[in-house]
$ cat input_10.txt   # compact mmCIF, C-alpha atoms and all ligand atoms
# COMPACT_ATOMS: atom_id res chain seq x y z
CA MET Q 162 -138.41 -31.76 64.13
CA ASN Q 163 -135.79 -33.54 61.98
CA SER Q 164 -132.45 -31.92 61.38
CA VAL Q 165 -131.06 -31.55 57.89
CA PRO Q 166 -128.58 -34.35 57.04
CA THR Q 167 -125.01 -33.19 56.57
CA HIS Q 168 -124.51 -32.64 52.87
CA PHE Q 169 -122.18 -30.89 50.46
CA PHE Q 170 -121.88 -30.00 46.80
CA GLU Q 171 -119.55 -32.19 44.76
CA CYS Q 172 -118.38 -31.66 41.19
CA ILE Q 173 -119.39 -34.60 39.00
CA GLU Q 174 -116.09 -34.43 37.14
CA CYS Q 175 -113.21 -33.28 39.40
CA HIS Q 176 -114.98 -34.28 42.66
CA ARG Q 177 -114.02 -31.11 44.47
CA GLN Q 178 -116.36 -30.49 47.36
CA TYR Q 179 -118.03 -27.21 48.29
CA LYS Q 180 -120.35 -25.85 50.92
CA PRO Q 181 -123.91 -25.61 49.56
CA ALA Q 182 -124.39 -22.25 47.88
CA GLN Q 183 -126.29 -20.67 45.05
CA VAL Q 184 -124.03 -22.06 42.34
CA TYR Q 185 -124.70 -24.76 39.77
CA PHE Q 186 -121.28 -25.30 38.23
CA CYS Q 187 -117.90 -26.20 39.68
CA PRO Q 188 -115.93 -22.95 40.10
CA LYS Q 189 -112.76 -24.86 39.14
CA CYS Q 190 -113.70 -26.97 36.12
CA GLY Q 191 -117.16 -25.74 35.11
CA ASN Q 192 -118.96 -29.07 35.37
CA LEU Q 193 -122.28 -29.61 37.14
CA LEU Q 194 -122.47 -30.05 40.88
CA GLN Q 195 -124.45 -32.64 42.76
CA ILE Q 196 -125.42 -32.97 46.39
CA ASN Q 197 -123.84 -35.77 48.39
CA TYR Q 198 -124.09 -36.88 52.02
CA GLU Q 199 -121.99 -38.67 54.58
CA TYR Q 200 -123.67 -41.95 53.68
CA ASP Q 201 -121.98 -44.14 56.27
CA ARG Q 202 -123.62 -42.02 58.97
CA LEU Q 203 -127.05 -41.99 57.45
CA ARG Q 204 -128.19 -45.59 57.13
CA ARG Q 205 -129.77 -45.81 60.60
CA ARG Q 206 -131.45 -42.48 60.19
CA PHE Q 207 -132.84 -43.40 56.76
CA GLU Q 208 -134.11 -46.75 58.01
CA THR Q 209 -135.82 -45.05 60.93
CA SER Q 210 -137.58 -42.70 58.53
CA LEU Q 211 -138.76 -45.71 56.51
CA GLY Q 212 -140.24 -47.18 59.68
CA GLU Q 213 -142.37 -44.10 60.23
CA ALA Q 214 -146.06 -44.54 59.61
CA GLY Q 215 -147.76 -42.53 56.91
CA PRO Q 216 -148.30 -42.65 53.20
CA LEU Q 217 -145.59 -42.78 50.56
CA SER Q 218 -144.45 -39.30 49.63
CA VAL Q 219 -141.33 -37.37 48.73
CA TRP Q 220 -140.96 -36.20 52.35
CA ARG Q 221 -141.01 -39.71 53.75
CA TYR Q 222 -137.36 -39.71 52.66
CA HIS Q 223 -136.46 -36.51 54.53
CA ALA Q 224 -133.41 -38.27 56.01
CA LEU Q 225 -131.84 -38.05 52.54
CA LEU Q 226 -133.14 -34.62 51.56
CA PRO Q 227 -130.99 -31.50 52.00
CA VAL Q 228 -133.62 -29.08 53.33
CA PRO Q 229 -135.26 -28.49 56.70
CA ASP Q 230 -138.81 -29.40 57.69
CA ARG Q 231 -139.52 -25.83 58.66
CA GLY Q 232 -140.90 -23.84 55.75
CA ARG Q 233 -141.52 -26.98 53.72
CA VAL Q 234 -143.44 -26.05 50.56
CA THR Q 235 -145.58 -29.05 49.76
CA LEU Q 236 -148.71 -29.93 47.83
CA GLY Q 237 -148.59 -33.66 48.62
CA GLU Q 238 -146.17 -34.82 45.92
CA GLY Q 239 -144.94 -38.36 45.34
CA GLY Q 240 -146.68 -41.52 46.48
CA THR Q 241 -147.80 -42.14 42.91
CA PRO Q 242 -149.18 -45.56 41.94
CA VAL Q 243 -147.21 -48.18 40.04
CA PRO Q 244 -149.84 -50.45 38.50
CA LYS Q 245 -148.72 -53.71 36.95
CA SER Q 246 -149.41 -53.99 33.26
CA THR Q 247 -151.83 -56.72 32.39
CA ARG Q 248 -153.07 -56.50 28.82
CA LEU Q 249 -149.99 -55.00 27.19
CA ALA Q 250 -147.52 -57.17 29.09
CA ASP Q 251 -149.54 -60.29 28.25
CA SER Q 252 -149.65 -59.45 24.58
CA LEU Q 253 -145.87 -58.88 24.56
CA GLY Q 254 -145.13 -61.97 26.63
CA PHE Q 255 -143.53 -60.00 29.50
CA SER Q 256 -144.05 -61.17 33.05
CA GLY Q 257 -143.44 -57.96 35.01
CA VAL Q 258 -144.06 -54.55 33.46
CA TYR Q 259 -145.07 -51.67 35.76
CA PHE Q 260 -146.09 -48.11 35.00
CA LYS Q 261 -144.91 -45.59 37.58
CA ASN Q 262 -147.60 -43.01 37.01
CA GLU Q 263 -146.09 -39.63 37.76
CA GLY Q 264 -149.01 -37.95 36.04
CA GLN Q 265 -150.76 -38.30 39.40
CA ASN Q 266 -148.58 -35.72 41.10
CA PRO Q 267 -150.25 -32.42 42.17
CA THR Q 268 -149.57 -30.56 38.91
CA GLY Q 269 -149.63 -33.67 36.76
CA SER Q 270 -145.93 -34.43 36.30
CA PHE Q 271 -142.80 -35.75 38.04
CA LYS Q 272 -141.48 -32.21 38.30
CA ASP Q 273 -143.39 -31.75 41.56
CA ARG Q 274 -141.04 -34.18 43.33
CA GLY Q 275 -138.14 -31.87 42.63
CA MET Q 276 -140.05 -28.62 42.93
CA THR Q 277 -141.16 -29.21 46.52
CA VAL Q 278 -137.49 -29.49 47.53
CA ALA Q 279 -136.24 -26.61 45.33
CA MET Q 280 -139.02 -24.30 46.52
CA THR Q 281 -138.33 -25.18 50.15
CA ARG Q 282 -134.70 -24.27 49.51
CA ALA Q 283 -135.81 -21.00 47.87
CA VAL Q 284 -137.73 -20.09 51.03
CA GLN Q 285 -134.83 -21.16 53.22
CA ILE Q 286 -132.36 -18.85 51.45
CA GLY Q 287 -134.85 -15.98 51.40
CA ALA Q 288 -135.27 -15.84 47.62
CA LYS Q 289 -137.53 -13.03 46.42
CA GLY Q 290 -138.58 -14.90 43.34
CA VAL Q 291 -138.00 -18.04 41.31
CA LEU Q 292 -137.24 -18.57 37.66
CA CYS Q 293 -137.11 -21.37 35.10
CA ALA Q 294 -136.92 -22.10 31.42
CA SER Q 295 -139.33 -24.82 30.42
CA THR Q 296 -140.92 -26.98 27.77
CA GLY Q 297 -144.04 -26.72 29.95
CA ASN Q 298 -144.12 -29.03 32.93
CA THR Q 299 -141.40 -27.37 34.97
CA SER Q 300 -143.13 -24.02 34.52
CA ALA Q 301 -146.51 -25.44 35.57
CA SER Q 302 -144.98 -27.02 38.63
CA MET Q 303 -142.84 -24.04 39.59
CA ALA Q 304 -145.80 -21.66 39.23
CA ALA Q 305 -147.94 -23.78 41.57
CA TYR Q 306 -145.25 -24.18 44.24
CA ALA Q 307 -144.29 -20.50 44.01
CA ALA Q 308 -147.94 -19.60 44.57
CA ARG Q 309 -147.97 -21.85 47.61
CA ALA Q 310 -144.79 -20.23 48.94
CA GLY Q 311 -145.88 -16.68 48.12
CA LEU Q 312 -142.92 -16.14 45.78
CA ARG Q 313 -142.85 -14.33 42.46
CA ALA Q 314 -142.53 -16.79 39.54
CA THR Q 315 -141.05 -16.01 36.12
CA VAL Q 316 -141.07 -18.62 33.36
CA LEU Q 317 -139.30 -18.53 30.02
CA ILE Q 318 -140.88 -20.73 27.38
CA PRO Q 319 -140.22 -21.35 23.70
CA ARG Q 320 -142.87 -19.35 21.86
CA GLY Q 321 -145.66 -21.49 20.40
CA LYS Q 322 -143.92 -24.72 21.33
CA ILE Q 323 -145.39 -25.79 24.63
CA ALA Q 324 -148.63 -27.70 25.14
CA LYS Q 325 -151.55 -25.42 25.94
CA GLY Q 326 -152.56 -27.22 29.13
CA LYS Q 327 -149.16 -26.52 30.65
CA LEU Q 328 -149.22 -22.86 29.67
CA VAL Q 329 -152.70 -22.55 31.17
CA GLN Q 330 -151.40 -24.00 34.44
CA ALA Q 331 -148.58 -21.43 34.67
CA VAL Q 332 -151.03 -18.60 33.89
CA ALA Q 333 -153.60 -19.85 36.42
CA HIS Q 334 -151.00 -19.96 39.18
CA GLY Q 335 -150.02 -16.37 38.46
CA ALA Q 336 -146.58 -16.78 36.90
CA LYS Q 337 -145.10 -14.08 34.72
CA ILE Q 338 -144.69 -15.65 31.29
CA ARG Q 339 -141.91 -14.61 28.92
CA GLN Q 340 -142.02 -16.20 25.49
CA VAL Q 341 -138.66 -16.69 23.83
CA SER Q 342 -138.26 -16.93 20.05
CA GLY Q 343 -136.38 -20.15 19.51
CA ASN Q 344 -136.31 -23.41 21.38
CA PHE Q 345 -135.93 -24.51 25.00
CA ASP Q 346 -132.15 -24.37 24.81
CA LYS Q 347 -132.25 -20.68 24.04
CA ALA Q 348 -134.77 -20.11 26.85
CA LEU Q 349 -132.48 -21.90 29.32
CA THR Q 350 -129.45 -19.85 28.26
CA ARG Q 351 -131.50 -16.71 28.82
CA ALA Q 352 -132.84 -17.95 32.16
CA ARG Q 353 -129.32 -18.64 33.39
CA ARG Q 354 -128.26 -15.13 32.48
CA LEU Q 355 -131.32 -13.64 34.15
CA ALA Q 356 -130.73 -15.67 37.31
CA ALA Q 357 -127.15 -14.42 37.47
CA THR Q 358 -128.11 -10.76 37.05
CA GLY Q 359 -131.66 -10.50 38.34
CA GLY Q 360 -131.35 -12.16 41.74
CA LEU Q 361 -133.97 -14.80 41.00
CA TYR Q 362 -133.52 -18.39 42.15
CA LEU Q 363 -133.19 -20.76 39.18
CA VAL Q 364 -135.09 -24.03 39.65
CA ASN Q 365 -134.22 -25.84 36.42
CA SER Q 366 -132.69 -29.28 36.87
CA LEU Q 367 -129.23 -27.68 36.94
CA ASN Q 368 -130.27 -26.95 40.48
CA PRO Q 369 -129.12 -29.94 42.53
CA TYR Q 370 -131.91 -29.46 45.10
CA ARG Q 371 -134.47 -30.21 42.38
CA LEU Q 372 -132.78 -33.49 41.55
CA GLU Q 373 -132.69 -34.50 45.21
CA GLY Q 374 -136.48 -34.47 45.20
CA GLN Q 375 -136.68 -36.35 41.92
CA LYS Q 376 -134.42 -39.16 43.14
CA THR Q 377 -137.18 -40.22 45.57
CA LEU Q 378 -138.91 -42.02 42.70
CA ALA Q 379 -136.23 -44.69 43.07
CA PHE Q 380 -136.89 -45.09 46.81
CA GLU Q 381 -140.61 -45.30 46.21
CA VAL Q 382 -140.39 -47.90 43.47
CA TRP Q 383 -138.07 -50.00 45.66
CA GLU Q 384 -140.59 -49.88 48.50
CA GLN Q 385 -143.66 -50.42 46.32
CA LEU Q 386 -142.26 -53.44 44.49
CA SER Q 387 -140.28 -54.70 47.50
CA ARG Q 388 -137.31 -54.99 45.16
CA VAL Q 389 -135.11 -53.04 42.79
CA PRO Q 390 -136.40 -53.49 39.23
CA ASP Q 391 -134.16 -54.97 36.54
CA VAL Q 392 -134.89 -52.18 34.10
CA VAL Q 393 -136.17 -48.60 34.39
CA ILE Q 394 -137.26 -46.94 31.14
CA LEU Q 395 -137.94 -43.22 30.88
CA PRO Q 396 -138.00 -40.32 28.42
CA VAL Q 397 -134.95 -38.06 28.36
CA GLY Q 398 -134.93 -34.35 27.55
CA ASN Q 399 -132.68 -32.09 29.60
CA ALA Q 400 -131.53 -35.33 31.29
CA GLY Q 401 -132.06 -34.33 34.92
CA ASN Q 402 -134.57 -37.04 35.72
CA ILE Q 403 -132.61 -40.07 34.53
CA SER Q 404 -129.61 -38.74 36.48
CA ALA Q 405 -131.69 -38.18 39.61
CA ILE Q 406 -133.39 -41.57 39.55
CA TRP Q 407 -130.07 -43.32 38.98
CA LYS Q 408 -128.62 -41.43 41.96
CA GLY Q 409 -131.55 -42.64 44.08
CA PHE Q 410 -130.84 -46.26 43.24
CA CYS Q 411 -127.10 -45.73 43.86
CA GLU Q 412 -127.84 -44.24 47.27
CA LEU Q 413 -129.83 -47.33 48.28
CA LYS Q 414 -126.71 -49.32 47.45
CA TRP Q 415 -124.33 -46.91 49.16
CA LEU Q 416 -126.45 -47.19 52.30
CA GLY Q 417 -126.18 -50.97 52.12
CA LEU Q 418 -129.94 -51.38 51.73
CA THR Q 419 -129.82 -53.02 48.31
CA ARG Q 420 -127.27 -54.99 46.33
CA ARG Q 421 -128.65 -54.58 42.83
CA SER Q 422 -129.35 -51.62 40.63
CA PRO Q 423 -131.51 -51.36 37.54
CA ARG Q 424 -130.36 -50.92 33.96
CA MET Q 425 -131.37 -47.39 33.04
CA VAL Q 426 -132.88 -47.09 29.57
CA GLY Q 427 -133.29 -43.53 28.31
CA VAL Q 428 -135.59 -42.82 25.39
CA GLN Q 429 -135.36 -39.82 23.07
CA ALA Q 430 -137.39 -38.85 20.03
CA ASP Q 431 -135.72 -39.44 16.65
CA GLY Q 432 -135.85 -35.68 15.99
CA ALA Q 433 -134.33 -34.63 19.34
CA ALA Q 434 -131.76 -37.25 20.20
CA PRO Q 435 -128.39 -35.67 21.06
CA ILE Q 436 -127.72 -38.03 23.97
CA ALA Q 437 -128.78 -41.22 22.18
CA THR Q 438 -126.57 -40.24 19.25
CA ALA Q 439 -123.58 -39.60 21.52
CA TYR Q 440 -124.20 -42.90 23.29
CA THR Q 441 -124.19 -44.83 20.02
CA LYS Q 442 -121.04 -43.08 18.83
CA GLY Q 443 -119.30 -43.43 22.21
CA ALA Q 444 -118.71 -39.68 22.07
CA ASP Q 445 -119.58 -36.54 24.00
CA VAL Q 446 -122.90 -34.86 23.27
CA ALA Q 447 -122.91 -32.39 20.39
CA PRO Q 448 -125.92 -30.04 20.60
CA TRP Q 449 -128.66 -30.31 17.97
CA PRO Q 450 -129.58 -26.79 16.83
CA HIS Q 451 -133.10 -27.65 15.61
CA PRO Q 452 -134.67 -30.43 17.69
CA GLU Q 453 -138.17 -31.38 16.53
CA THR Q 454 -140.74 -33.83 17.88
CA VAL Q 455 -144.43 -34.13 18.69
CA ALA Q 456 -143.28 -34.81 22.26
CA THR Q 457 -142.70 -31.12 22.99
CA ALA Q 458 -141.64 -31.82 26.60
CA ILE Q 459 -138.43 -33.44 25.36
CA ARG Q 460 -137.81 -31.19 22.37
CA ILE Q 461 -134.33 -30.31 23.60
CA GLY Q 462 -131.10 -30.12 21.59
CA ALA Q 463 -128.52 -29.12 24.22
CA PRO Q 464 -129.32 -31.10 27.36
CA ALA Q 465 -127.74 -29.63 30.49
CA SER Q 466 -127.22 -32.93 32.34
CA TRP Q 467 -125.96 -35.00 29.42
CA LYS Q 468 -122.79 -36.09 31.22
CA LYS Q 469 -124.72 -37.37 34.20
CA ALA Q 470 -127.19 -39.15 31.91
CA LEU Q 471 -124.52 -40.91 29.85
CA ARG Q 472 -122.90 -42.05 33.08
CA ALA Q 473 -126.19 -43.35 34.44
CA VAL Q 474 -126.76 -45.37 31.30
CA ARG Q 475 -123.21 -46.68 31.00
CA ASP Q 476 -122.63 -47.39 34.70
CA SER Q 477 -125.95 -49.20 34.99
CA GLY Q 478 -125.41 -51.36 31.92
CA GLY Q 479 -128.46 -49.77 30.28
CA THR Q 480 -128.85 -48.06 26.95
CA MET Q 481 -130.23 -45.06 25.07
CA LEU Q 482 -132.90 -45.59 22.42
CA THR Q 483 -134.70 -43.40 19.96
CA VAL Q 484 -138.31 -43.70 18.83
CA SER Q 485 -140.21 -41.97 16.05
CA ASP Q 486 -143.12 -39.59 16.62
CA ARG Q 487 -145.38 -42.27 15.12
CA GLU Q 488 -144.17 -44.81 17.65
CA ILE Q 489 -144.70 -42.30 20.46
CA LEU Q 490 -148.29 -41.57 19.46
CA GLN Q 491 -149.01 -45.25 18.95
CA ALA Q 492 -147.68 -45.98 22.44
CA GLN Q 493 -149.84 -43.17 23.81
CA ARG Q 494 -152.94 -44.79 22.30
CA LEU Q 495 -151.96 -48.21 23.62
CA LEU Q 496 -151.37 -46.92 27.14
CA ALA Q 497 -154.70 -45.13 27.19
CA SER Q 498 -156.80 -47.80 25.51
CA LYS Q 499 -155.25 -50.96 26.96
CA GLU Q 500 -154.03 -49.87 30.40
CA GLY Q 501 -156.29 -46.93 31.29
CA ILE Q 502 -153.33 -44.56 31.64
CA PHE Q 503 -153.49 -41.28 29.76
CA ALA Q 504 -149.93 -40.02 29.28
CA GLU Q 505 -148.66 -37.04 27.34
CA PRO Q 506 -146.55 -37.85 24.25
CA ALA Q 507 -143.14 -37.48 25.94
CA SER Q 508 -144.25 -39.81 28.71
CA SER Q 509 -145.48 -42.38 26.23
CA ALA Q 510 -141.93 -42.60 24.92
CA SER Q 511 -141.25 -44.98 27.83
CA LEU Q 512 -143.65 -47.55 26.41
CA ALA Q 513 -142.52 -46.81 22.85
CA GLY Q 514 -138.99 -47.57 24.05
CA LEU Q 515 -140.09 -50.81 25.68
CA LEU Q 516 -141.88 -51.90 22.51
CA LYS Q 517 -138.76 -51.19 20.50
CA ALA Q 518 -136.46 -52.92 23.00
CA SER Q 519 -138.77 -55.93 23.10
CA ARG Q 520 -137.88 -56.62 19.48
CA SER Q 521 -134.20 -56.88 20.43
CA SER Q 522 -132.21 -58.77 23.02
CA LEU Q 523 -131.84 -55.69 25.23
CA ILE Q 524 -134.53 -56.79 27.63
CA SER Q 525 -135.59 -60.23 28.74
CA ARG Q 526 -139.24 -61.30 28.93
CA ARG Q 527 -138.66 -62.24 32.56
CA ASP Q 528 -137.25 -58.85 33.59
CA CYS Q 529 -139.01 -56.67 36.14
CA ILE Q 530 -139.46 -53.48 34.13
CA VAL Q 531 -140.65 -50.07 35.29
CA CYS Q 532 -141.78 -47.59 32.63
CA VAL Q 533 -141.88 -44.10 34.12
CA ILE Q 534 -144.96 -42.21 32.93
CA THR Q 535 -143.70 -38.71 33.48
CA GLY Q 536 -146.76 -36.53 32.82
CA HIS Q 537 -150.53 -36.57 32.36
CA GLY Q 538 -152.14 -36.70 28.92
CA LEU Q 539 -154.63 -33.92 29.68
CA LYS Q 540 -151.79 -31.41 29.49
CA ASP Q 541 -151.48 -31.85 25.75
CA GLN Q 542 -154.93 -32.51 24.36
CA ALA Q 543 -154.00 -31.30 20.90
CA ALA Q 544 -151.59 -34.22 20.46
CA VAL Q 545 -154.54 -36.61 20.62
CA GLU Q 546 -156.94 -34.43 18.65
CA THR Q 547 -154.57 -33.97 15.74
CA SER Q 548 -153.35 -37.56 15.65
CA THR Q 549 -156.59 -39.49 16.13
CA VAL Q 550 -159.72 -37.36 15.97
CA LYS Q 551 -160.66 -36.94 12.33
N1 LIG V 601 -141.25 -36.18 30.40
C1 LIG V 601 -141.90 -35.03 30.58
C2 LIG V 601 -143.38 -35.07 30.62
C3 LIG V 601 -141.20 -33.81 30.74
O1 LIG V 601 -141.86 -32.69 30.92
C4 LIG V 601 -139.79 -33.84 30.67
C5 LIG V 601 -139.01 -32.60 30.79
C6 LIG V 601 -139.15 -35.07 30.48
C7 LIG V 601 -139.91 -36.21 30.36
C8 LIG V 601 -137.68 -35.19 30.43
O2 LIG V 601 -137.09 -35.01 31.67
O3 LIG V 601 -135.61 -33.09 31.14
O4 LIG V 601 -135.29 -34.43 33.22
O5 LIG V 601 -134.77 -35.41 30.99
N2 LIG V 601 -139.50 -31.45 30.85
C9 LIG V 601 -138.76 -30.22 31.14
C10 LIG V 601 -139.69 -29.05 31.33
C11 LIG V 601 -137.64 -29.97 30.25
O6 LIG V 601 -139.29 -27.89 31.12
O7 LIG V 601 -140.83 -29.27 31.71
P1 LIG V 601 -135.59 -34.46 31.76
$ encode --input "input_10.txt" --output "structure tokens"
Amino acid sequence: MNSVPTHFFECIECHRQYKPAQVYFCPKCGNLLQINYEYDRLRRRFETSLGEAGPLSVWRYHALLPVPDRGRVTLGEGGTPVPKSTRLADSLGFSGVYFKNEGQNPTGSFKDRGMTVAMTRAVQIGAKGVLCASTGNTSASMAAYAARAGLRATVLIPRGKIAKGKLVQAVAHGAKIRQVSGNFDKALTRARRLAATGGLYLVNSLNPYRLEGQKTLAFEVWEQLSRVPDVVILPVGNAGNISAIWKGFCELKWLGLTRRSPRMVGVQADGAAPIATAYTKGADVAPWPHPETVATAIRIGAPASWKKALRAVRDSGGTMLTVSDREILQAQRLLASKEGIFAEPASSASLAGLLKASRSSLISRRDCIVCVITGHGLKDQAAVETSTVK
């Protein structure tokens, strides 16, 4: 059995370090915490784990995951394919565009990468139940992993604003559903309060264990392409994923395994773009009270991890873009009809972002580009029916 690597919580702002505990914010300055390791001691161990036989998966990278093997709650997450674009890349004149298809995770989204780690942590600390606020995918994922772990699951969702397929998943897996009047931001505020008073373990991306699982996408892409890409493009909502993936690429560098890191390009919908707006203004994020977009997964006005996301984009030399709902739905059709990949609207924002960037000098035609396809199209059938089926 592998031991858990030595790790600690570190404030992203004041860098104070703490012993891992059930807290999400720095007790001193109130900023988010992240999990760090003693990297200089871990290179050999990580390399040994890479030498182990077996398929790609989140747990292949156990040497850089902060939970034990015992009690691991897994459904076989990670190891998703990264097909090279042929038709779309040719028509755009790009030489290396790849789609990292996270829709092929057990519950159909990237959330499973983080949930397997967060749920394992929940079991480890003896949690009686788990809780999240969600625009749909987190709740579907949490419900499935809670079922697997035998834990009570409570999800808070914005009433009438999540795709039906995702709601059906949470119901099927036996989660208790609480609908909140208002948007995701209100649901998250309520979930945080409930977690503090009700003794439930919060598994939103504020939870640094979740993000540790999600960072493995970076390790996987590096192994699958035998290189670090030049550019990674992905949709941004609550901003956990872009932060996690960036951390994964940074860790490869900190371990001395790579020299380069990708430019991180975050994409938001025109109607829900607090981070992109802040990026353009060079300012802090000001919450948007009424975010609106067809891409309900990223319909978020007060993203929890905005500081981490802005850092990822700035430190990597990347950028934040916005795309319209029309561009998102057009990209969804292109992905499905020209590449055989059915992505939900939020996930199609990656391609919409690439199409937009391709008309500028942000990205070179020779770049190796990975578009992260965050969730499966079957989750939100109505988006296709209402936009294309007459
Ligand atoms: N793509 C999809 C399909 C998502 O479900 C989400 C977030 C994102 C992108 C954005 O990721 O929040 O880490 O920036 N969905 C969350 C949820 C908010 O509740 O399912 P992020």
$ closest_atom_pairs --input "input_10.txt" --of "chain Q" --to "ligand LIG 601 (chain V)" --cutoff "6 Å" --atoms "all atoms listed in the file" --output "JSON lines"
{"residue": "Q:Ser295", "atom": "CA", "partner": "V:LIG601", "partner_atom": "O6", "distance": 3.1}
{"residue": "Q:Thr296", "atom": "CA", "partner": "V:LIG601", "partner_atom": "O6", "distance": 3.8}
{"residue": "Q:Gly297", "atom": "CA", "partner": "V:LIG601", "partner_atom": "O7", "distance": 4.5}
{"residue": "Q:Asn298", "atom": "CA", "partner": "V:LIG601", "partner_atom": "O7", "distance": 3.5}
{"residue": "Q:Thr299", "atom": "CA", "partner": "V:LIG601", "partner_atom": "O7", "distance": 3.8}
{"residue": "Q:Pro396", "atom": "CA", "partner": "V:LIG601", "partner_atom": "C7", "distance": 4.9}
{"residue": "Q:Val397", "atom": "CA", "partner": "V:LIG601", "partner_atom": "O5", "distance": 3.7}
{"residue": "Q:Gly398", "atom": "CA", "partner": "V:LIG601", "partner_atom": "O5", "distance": 3.6}
{"residue": "Q:Asn399", "atom": "CA", "partner": "V:LIG601", "partner_atom": "O3", "distance": 3.5}
{"residue": "Q:Ala400", "atom": "CA", "partner": "V:LIG601", "partner_atom": "O5", "distance": 3.3}
{"residue": "Q:Gly401", "atom": "CA", "partner": "V:LIG601", "partner_atom": "O4", "distance": 3.7}
{"residue": "Q:Asn402", "atom": "CA", "partner": "V:LIG601", "partner_atom": "O4", "distance": 3.7}
{"residue": "Q:Ala458", "atom": "CA", "partner": "V:LIG601", "partner_atom": "O1", "distance": 4.4}
{"residue": "Q:Ile459", "atom": "CA", "partner": "V:LIG601", "partner_atom": "C8", "distance": 5.4}
{"residue": "Q:Ala507", "atom": "CA", "partner": "V:LIG601", "partner_atom": "N1", "distance": 5.0}
{"residue": "Q:Ser508", "atom": "CA", "partner": "V:LIG601", "partner_atom": "N1", "distance": 5.0}
{"residue": "Q:Thr535", "atom": "CA", "partner": "V:LIG601", "partner_atom": "C2", "distance": 4.6}
{"residue": "Q:Gly536", "atom": "CA", "partner": "V:LIG601", "partner_atom": "C2", "distance": 4.3}
$ closest_residue --input "input_10.txt" --among "Q:Ile436, Q:Ala456, Q:Cys187, Q:Ile196" --to "Pro369 in chain Q" --atoms "only C-alpha atoms"
Q:Ile196
$ closest_atom_pairs --input "input_10.txt" --of "range 222-271 of chain Q" --to "range 324-342 of chain Q" --cutoff "12 Å" --atoms "all atoms listed in the file" --output "JSON lines"
{"residue": "Q:Pro267", "atom": "CA", "partner": "Q:Gln330", "partner_atom": "CA", "distance": 11.5}
{"residue": "Q:Thr268", "atom": "CA", "partner": "Q:Gln330", "partner_atom": "CA", "distance": 8.1}
{"residue": "Q:Gly269", "atom": "CA", "partner": "Q:Lys327", "partner_atom": "CA", "distance": 9.4}
{"residue": "Q:Ser270", "atom": "CA", "partner": "Q:Lys327", "partner_atom": "CA", "distance": 10.2}
$ residues_around --input "input_10.txt" --residues "Arg204 in chain Q" --least-positions-apart "6" --cutoff "10 Å" --atoms "all atoms listed in the file" --output "PyMOL selection string"
chain Q and resi 210+224-225+412-413+415-418
$ write_last_selection --input "input_10.txt" --atoms "C-alpha atoms" --output "short mmCIF file (atom, residue, chain, number, x, y, z; two decimals), in the coordinates of the input"
data_model
loop_
_atom_site.label_atom_id
_atom_site.label_comp_id
_atom_site.auth_asym_id
_atom_site.auth_seq_id
_atom_site.Cartn_x
_atom_site.Cartn_y
_atom_site.Cartn_z
CA SER Q 210 -137.58 -42.70 58.53
CA ALA Q 224 -133.41 -38.27 56.01
CA LEU Q 225 -131.84 -38.05 52.54
CA GLU Q 412 -127.84 -44.24 47.27
CA LEU Q 413 -129.83 -47.33 48.28
CA TRP Q 415 -124.33 -46.91 49.16
CA LEU Q 416 -126.45 -47.19 52.30
CA GLY Q 417 -126.18 -50.97 52.12
CA LEU Q 418 -129.94 -51.38 51.73
#
$ atom_distance --input "input_10.txt" --atom1 "CA of Pro464 in chain Q" --atom2 "CA of Gln429 in chain Q"
11.4 Å
$ residues_around --input "input_10.txt" --residues "Arg388 in chain Q" --least-positions-apart "4" --cutoff "9 Å" --atoms "all atoms listed in the file" --output "list in words"
Val382, Trp383, Glu384, Thr419 and Arg421 of chain Q
$ atom_distance --input "input_10.txt" --atom1 "CA of Gly264 in chain Q" --atom2 "CA of Gly215 in chain Q"
21.4 Å
$ atom_distance --input "input_10.txt" --atom1 "CA of Val446 in chain Q" --atom2 "CA of Met481 in chain Q"
12.7 Å
$ residues_around --input "input_10.txt" --residues "range 166-174 of chain Q" --least-positions-apart "5" --cutoff "8 Å" --atoms "only C-alpha atoms" --output "compact mmCIF listing (two decimals) with C-alpha atoms, keeping the file's coordinate frame"
# COMPACT_ATOMS: atom_id res chain seq x y z
CA TYR Q 179 -118.03 -27.21 48.29
CA LYS Q 180 -120.35 -25.85 50.92
CA PRO Q 181 -123.91 -25.61 49.56
CA PHE Q 186 -121.28 -25.30 38.23
CA CYS Q 187 -117.90 -26.20 39.68
CA CYS Q 190 -113.70 -26.97 36.12
CA ASN Q 192 -118.96 -29.07 35.37
CA LEU Q 193 -122.28 -29.61 37.14
CA LEU Q 194 -122.47 -30.05 40.88
CA GLN Q 195 -124.45 -32.64 42.76
CA ILE Q 196 -125.42 -32.97 46.39
CA ASN Q 197 -123.84 -35.77 48.39
CA TYR Q 198 -124.09 -36.88 52.02
CA GLU Q 199 -121.99 -38.67 54.58
CA LEU Q 203 -127.05 -41.99 57.45
CA ALA Q 224 -133.41 -38.27 56.01
CA LEU Q 225 -131.84 -38.05 52.54
CA LEU Q 226 -133.14 -34.62 51.56
CA PRO Q 227 -130.99 -31.50 52.00
CA LYS Q 469 -124.72 -37.37 34.20
$ residues_around --input "input_10.txt" --residues "Arg526 in chain Q" --least-positions-apart "6" --cutoff "9 Å" --atoms "all atoms listed in the file" --output "CSV table (one decimal) with C-alpha atoms, in the frame of the given file"
chain,number,residue,atom,x,y,z
Q,253,LEU,CA,-145.9,-58.9,24.6
Q,254,GLY,CA,-145.1,-62.0,26.6
Q,255,PHE,CA,-143.5,-60.0,29.5
Q,256,SER,CA,-144.0,-61.2,33.0
Q,257,GLY,CA,-143.4,-58.0,35.0
Q,519,SER,CA,-138.8,-55.9,23.1
